[in-house]
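> I'd like to ask you about the structure that follows.
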Amino acid sequence: MTYTRAIGIGSNKIIRLIVRALALSKINPNVLTFLGLLINIAAATFLAIGSFRIAGCVIIFAGLFDMVDGRVARATNQVTRFGGFFDSVLDRYSDLGLLMGLLVYYGTINRPFYVVLTAIVMTASVMISYTRTRAENIVPTCKVGFMERPERIVLFIIGALFDRMAPVLWVIAVLGNITVIHRMIFTYQEAKRLEDAQLRTRSVAASNSQSV
């Protein structure tokens, strides 16, 4: 057994124990989602004052709530349509809150270039989610692209813990916007494929009706 597999198995056991304890407490999963938002706001406050390493630790703690709320919902039979919607909305607030903390920090130390870079990352983060949501109104699914939320959070934690937030922002800004473009291209191709299939079906139906 490799070290990474051992860590993964150990982590899963810990998470299962936490989920079991929370399920026994009969806490509403939406409460866990909201607590995750509050913890991320605390992390944003630490980012705003330049305490990056503390912020990184707090983000890890917030991520725990993000991992368990859905599992608790399933374990307690409390999965609802609203719960998924609520989780998604608060995730967006959490992401933007962390980036707002960075905006305050870079504005305070008079680094206008990094204020703009952070704003670009904010835009990419919103557009990654928006393009998927909008695309899935016209195609079955649109999960393509690398820079989804888990990847962004992991990079954010690395940047905070190692005090290398500037390079992380560059990576998210570039790969995030590439993900948006990828989803646009994918949606165009899938929509065209579906439209062509519909046209072929109509053409076959018309031919059959004429032959009758």
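Going by the structure tokens order, chains are called A, B, ..., each with residues numbered from 1, while ligands are numbered from 1 in the order shown.
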Which neighbours of Gly56 (chain A) fall inside 10 Å, counting only C-alpha atoms, when residues of the same chain fewer than 5 positions from it are skipped, and could you give them as a list in words?
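Final neighbour list, sorted by chain and number: Ala43, Ala44, Phe46, Leu47, Ser51, Phe61, Ala62, Ile153, Val154, Phe156, Ile157, Ile158, Gly159, Ala160, Leu161, Phe162 and Asp163 of chain A.
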> Kindly save the residues from that selection, with C-alpha atoms included, as a PDB file, in the first residue's frame.

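Writing done, so here's part-v1.pdb:
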ATOM      1  CA  ALA A  43     -10.548  33.115   6.384  1.00  0.00           C
ATOM      2  CA  ALA A  44     -11.219  36.123   4.144  1.00  0.00           C
ATOM      3  CA  PHE A  46      -7.248  36.821   7.743  1.00  0.00           C
ATOM      4  CA  LEU A  47      -6.395  37.237   4.054  1.00  0.00           C
ATOM      5  CA  SER A  51      -2.187  36.487   7.690  1.00  0.00           C
ATOM      6  CA  PHE A  61     -11.356  23.691   8.188  1.00  0.00           C
ATOM      7  CA  ALA A  62     -14.086  25.263   6.048  1.00  0.00           C
ATOM      8  CA  ILE A 153      -9.653  25.734  -3.444  1.00  0.00           C
ATOM      9  CA  VAL A 154      -6.629  23.417  -3.325  1.00  0.00           C
ATOM     10  CA  PHE A 156      -5.791  28.708  -2.837  1.00  0.00           C
ATOM     11  CA  ILE A 157      -4.804  26.664   0.222  1.00  0.00           C
ATOM     12  CA  ILE A 158      -1.326  26.002  -1.217  1.00  0.00           C
ATOM     13  CA  GLY A 159      -0.849  29.689  -2.022  1.00  0.00           C
ATOM     14  CA  ALA A 160      -1.926  30.728   1.473  1.00  0.00           C
ATOM     15  CA  LEU A 161       0.054  28.120   3.427  1.00  0.00           C
ATOM     16  CA  PHE A 162       3.267  28.724   1.492  1.00  0.00           C
ATOM     17  CA  ASP A 163       2.710  32.487   1.150  1.00  0.00           C
TER      18      ASP A 163
END
> Please list as a list in words every residue within 12 Å of region 185-192 of chain A, counting only C-alpha atoms and excluding residues in the same chain fewer than 5 positions away.
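The contact residues come out as Thr131, Arg132, Thr133, Arg134, Ala135, Glu136, Asn137, Ile138, Val139, Pro140, Thr141, Cys142, Lys143, Val144, Gly145, Ile178, Thr179, Val180, Ala197, Gln198 and Leu199 of chain A.
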> Hey, what's within 10 Å of Asp66 (chain A) if we count only C-alpha atoms and toss same-chain stuff fewer than 5 positions away? As an mmCIF file with C-alpha atoms, in the first residue's frame, please?

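Output file selection.cif is given in full below:
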data_model
loop_
_atom_site.group_PDB
_atom_site.id
_atom_site.type_symbol
_atom_site.label_atom_id
_atom_site.label_comp_id
_atom_site.auth_asym_id
_atom_site.auth_seq_id
_atom_site.Cartn_x
_atom_site.Cartn_y
_atom_site.Cartn_z
ATOM 1 C CA LEU A 32 -23.450 22.878 7.980
ATOM 2 C CA THR A 33 -23.362 24.635 4.610
ATOM 3 C CA PHE A 34 -23.992 27.982 6.295
ATOM 4 C CA LEU A 35 -21.302 27.325 8.916
ATOM 5 C CA GLY A 36 -18.866 26.638 6.073
ATOM 6 C CA LEU A 37 -19.657 30.088 4.662
ATOM 7 C CA ILE A 60 -8.951 23.734 5.224
ATOM 8 C CA PHE A 61 -11.356 23.691 8.188
ATOM 9 C CA ARG A 71 -22.874 13.191 2.993
ATOM 10 C CA ASP A 87 -25.006 24.685 -1.286
ATOM 11 C CA ASP A 91 -20.143 28.127 -2.434
#
> Please identify the alpha helix (DSSP H) residues within region 7-185 of chain A (assignment by DSSP from backbone atoms) and present them as a ChimeraX atom specification.
/A:7-25,29-48,52-75,81-108,112-135,149-161,165-185
> Which residues are near Leu96 (chain A)? Cut-off 10 Å, only C-alpha atoms, ignore same chain within fewer than 3 positions. Put them as a ChimeraX atom specification.
/A:40-41,44,90-93,99-102,119,121-123,125-126
> Could you state the separation of CA of Glu195 (chain A) and CA of Gly176 (chain A) in Å, given to one decimal place?
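Pair CA of Glu195 (chain A) / CA of Gly176 (chain A) returns 28.5 Å.
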> Please identify all polymer residues within 12 Å of region 20-28 of chain A, counting only C-alpha atoms, omitting same-chain residues fewer than 3 positions from it, and present them as a list in words.
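Once the adjacent positions are removed, what remains is Lys13, Ile14, Ile15, Arg16, Leu17, Val31, Leu32, Thr33, Phe34, Leu35, Phe65, Val68, Asp69, Gly70, Arg71, Val72, Ala73, Arg74, Ala75, Thr76, Asn77, Gln78, Val79, Thr80 and Gly83 of chain A.
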> So, with only C-alpha atoms as the atoms that count, which of A:Ala166, A:Ile128, A:Leu103, A:Ile120 lies closest to Ile181 (chain A)?
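Answer, going by the shortest atom-to-atom distance: A:Ile128.
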> Mind pulling up the distance from CA of Phe146 (chain A) to CA of Phe82 (chain A)?
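Distance reported for this atom pair: 27.0 Å.
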> Quick one: distance from CA of Leu38 (chain A) to CA of Asp95 (chain A) in Å, one decimal?
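Going from CA of Leu38 (chain A) over to CA of Asp95 (chain A) covers 11.9 Å.
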> Using only C-alpha atoms, pick whichever of A:Met147, A:Ala42, A:Cys57, A:Met127 has the shortest atom-to-atom distance to Gly97 (chain A).
A:Ala42
